[in-house]
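Taking it in order: structure first as structure tokens, then the write-up.
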Amino acid sequence: MEAVRFMTALFNFTSLLLVILLLVCTCAYVHQIFPTILDRNKTGVMGIFWKFARVGERLSPYISLCCGFMAVGNDSP
């Protein structure tokens, strides 16, 4: 009988990068549509999402290239 192995995004580097890219893209999109939601929560735990939105806005060409590379290089079944 074969053992079932589960890998979370924390232990798989490629998946961790994918989760971070998705967070950056989602936070930048939410900040563009509803800016007051993230702007009033710049500190604390919710401030993490504001920082992700800042990174997505300022580094958007590089983030989009990384998303493209992740999409092309994704070799999961």
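Each chain in the structure tokens gets a letter, A, B and so on, in the order shown; residues start at 1 in every chain, and ligands are counted from 1 in the order they appear.
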
12 Å contact set for Tyr29 in chain A, only C-alpha atoms, chain neighbours under 2 positions out, as an MDAnalysis selection string: chainID A and resid 22:27 31:35 37:38 49:50 52:57 60

Selection export as an mmCIF file, in the first residue's frame, atoms kept: N, CA, C and O atoms:
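This went into result.cif:
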data_model
loop_
_atom_site.group_PDB
_atom_site.id
_atom_site.type_symbol
_atom_site.label_atom_id
_atom_site.label_comp_id
_atom_site.auth_asym_id
_atom_site.auth_seq_id
_atom_site.Cartn_x
_atom_site.Cartn_y
_atom_site.Cartn_z
ATOM 1 N N LEU A 22 0.006 35.394 -6.005
ATOM 2 C CA LEU A 22 -1.444 35.549 -6.016
ATOM 3 C C LEU A 22 -1.906 36.562 -4.969
ATOM 4 O O LEU A 22 -2.833 37.338 -5.231
ATOM 5 N N LEU A 23 -1.271 36.573 -3.804
ATOM 6 C CA LEU A 23 -1.612 37.564 -2.788
ATOM 7 C C LEU A 23 -1.298 38.976 -3.262
ATOM 8 O O LEU A 23 -2.099 39.894 -3.072
ATOM 9 N N VAL A 24 -0.143 39.153 -3.881
ATOM 10 C CA VAL A 24 0.243 40.478 -4.374
ATOM 11 C C VAL A 24 -0.738 40.952 -5.442
ATOM 12 O O VAL A 24 -1.212 42.089 -5.402
ATOM 13 N N CYS A 25 -1.061 40.081 -6.386
ATOM 14 C CA CYS A 25 -1.974 40.462 -7.465
ATOM 15 C C CYS A 25 -3.375 40.746 -6.935
ATOM 16 O O CYS A 25 -4.024 41.723 -7.347
ATOM 17 N N THR A 26 -3.852 39.934 -6.014
ATOM 18 C CA THR A 26 -5.188 40.126 -5.464
ATOM 19 C C THR A 26 -5.266 41.403 -4.647
ATOM 20 O O THR A 26 -6.231 42.173 -4.773
ATOM 21 N N CYS A 27 -4.270 41.657 -3.819
ATOM 22 C CA CYS A 27 -4.282 42.873 -3.005
ATOM 23 C C CYS A 27 -4.173 44.133 -3.864
ATOM 24 O O CYS A 27 -4.828 45.138 -3.581
ATOM 25 N N HIS A 31 -7.092 46.917 -3.987
ATOM 26 C CA HIS A 31 -6.751 48.311 -3.686
ATOM 27 C C HIS A 31 -7.137 49.240 -4.828
ATOM 28 O O HIS A 31 -7.486 50.391 -4.594
ATOM 29 N N GLN A 32 -7.085 48.755 -6.050
ATOM 30 C CA GLN A 32 -7.474 49.571 -7.186
ATOM 31 C C GLN A 32 -8.992 49.785 -7.216
ATOM 32 O O GLN A 32 -9.461 50.875 -7.524
ATOM 33 N N ILE A 33 -9.758 48.759 -6.875
ATOM 34 C CA ILE A 33 -11.213 48.844 -6.923
ATOM 35 C C ILE A 33 -11.780 49.522 -5.673
ATOM 36 O O ILE A 33 -12.653 50.383 -5.768
ATOM 37 N N PHE A 34 -11.296 49.115 -4.487
ATOM 38 C CA PHE A 34 -11.777 49.655 -3.209
ATOM 39 C C PHE A 34 -10.592 50.173 -2.400
ATOM 40 O O PHE A 34 -10.124 49.503 -1.474
ATOM 41 N N PRO A 35 -10.088 51.361 -2.712
ATOM 42 C CA PRO A 35 -8.861 51.827 -2.046
ATOM 43 C C PRO A 35 -9.035 52.099 -0.554
ATOM 44 O O PRO A 35 -8.080 51.956 0.209
ATOM 45 N N ILE A 37 -10.565 50.411 1.711
ATOM 46 C CA ILE A 37 -10.502 49.212 2.546
ATOM 47 C C ILE A 37 -9.072 48.963 3.018
ATOM 48 O O ILE A 37 -8.822 48.697 4.197
ATOM 49 N N LEU A 38 -8.123 49.055 2.121
ATOM 50 C CA LEU A 38 -6.735 48.786 2.487
ATOM 51 C C LEU A 38 -6.034 50.014 3.047
ATOM 52 O O LEU A 38 -5.102 49.875 3.843
ATOM 53 N N PHE A 49 -1.642 43.168 4.020
ATOM 54 C CA PHE A 49 -2.315 43.226 2.723
ATOM 55 C C PHE A 49 -2.077 44.566 2.043
ATOM 56 O O PHE A 49 -1.967 44.639 0.817
ATOM 57 N N TRP A 50 -1.993 45.652 2.825
ATOM 58 C CA TRP A 50 -1.689 46.966 2.260
ATOM 59 C C TRP A 50 -0.281 46.957 1.665
ATOM 60 O O TRP A 50 -0.050 47.504 0.589
ATOM 61 N N PHE A 52 1.339 44.271 0.538
ATOM 62 C CA PHE A 52 1.274 43.479 -0.687
ATOM 63 C C PHE A 52 0.727 44.313 -1.843
ATOM 64 O O PHE A 52 1.194 44.204 -2.980
ATOM 65 N N ALA A 53 -0.274 45.145 -1.567
ATOM 66 C CA ALA A 53 -0.845 46.010 -2.609
ATOM 67 C C ALA A 53 0.184 47.021 -3.095
ATOM 68 O O ALA A 53 0.266 47.312 -4.297
ATOM 69 N N ARG A 54 0.980 47.589 -2.173
ATOM 70 C CA ARG A 54 2.034 48.532 -2.562
ATOM 71 C C ARG A 54 3.060 47.870 -3.470
ATOM 72 O O ARG A 54 3.495 48.448 -4.459
ATOM 73 N N VAL A 55 3.461 46.666 -3.107
ATOM 74 C CA VAL A 55 4.436 45.943 -3.934
ATOM 75 C C VAL A 55 3.848 45.678 -5.313
ATOM 76 O O VAL A 55 4.521 45.847 -6.335
ATOM 77 N N GLY A 56 2.584 45.292 -5.372
ATOM 78 C CA GLY A 56 1.934 45.022 -6.653
ATOM 79 C C GLY A 56 1.802 46.256 -7.521
ATOM 80 O O GLY A 56 1.901 46.176 -8.746
ATOM 81 N N GLU A 57 1.591 47.415 -6.886
ATOM 82 C CA GLU A 57 1.457 48.656 -7.663
ATOM 83 C C GLU A 57 2.806 49.157 -8.158
ATOM 84 O O GLU A 57 2.922 49.611 -9.290
ATOM 85 N N SER A 60 4.655 46.322 -10.688
ATOM 86 C CA SER A 60 3.701 45.581 -11.517
ATOM 87 C C SER A 60 4.313 44.947 -12.768
ATOM 88 O O SER A 60 3.912 43.831 -13.119
#

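When only C-alpha atoms are used to measure the gap to Leu18 in chain A, the shortest distance among A:Lys42, A:Cys67, A:Ile48, A:Val72 belongs to A:Cys67.
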
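Closest to Cys66 in chain A among A:Gly44, A:Lys51, A:Thr14, A:Val30 is A:Thr14, based on only C-alpha atoms.
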
Coordinates-based distance that separates CA of Pro61 in chain A from CA of Asn41 in chain A (Å, one decimal):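 Result for CA of Asn41 in chain A versus CA of Pro61 in chain A: 25.5 Å, one decimal.
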
All alpha helix (DSSP H) positions in chain A, as number ranges by chain: A: 13-33, 35-39, 47-58, 60-72

CA of Ser64 in chain A to CA of Leu17 in chain A, straight-line distance in Å: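 So the two atoms, CA of Leu17 in chain A and CA of Ser64 in chain A, lie 13.2 Å apart.
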
Å distance separating CA of Phe13 in chain A from CA of Leu65 in chain A, one decimal place: 18.0 Å
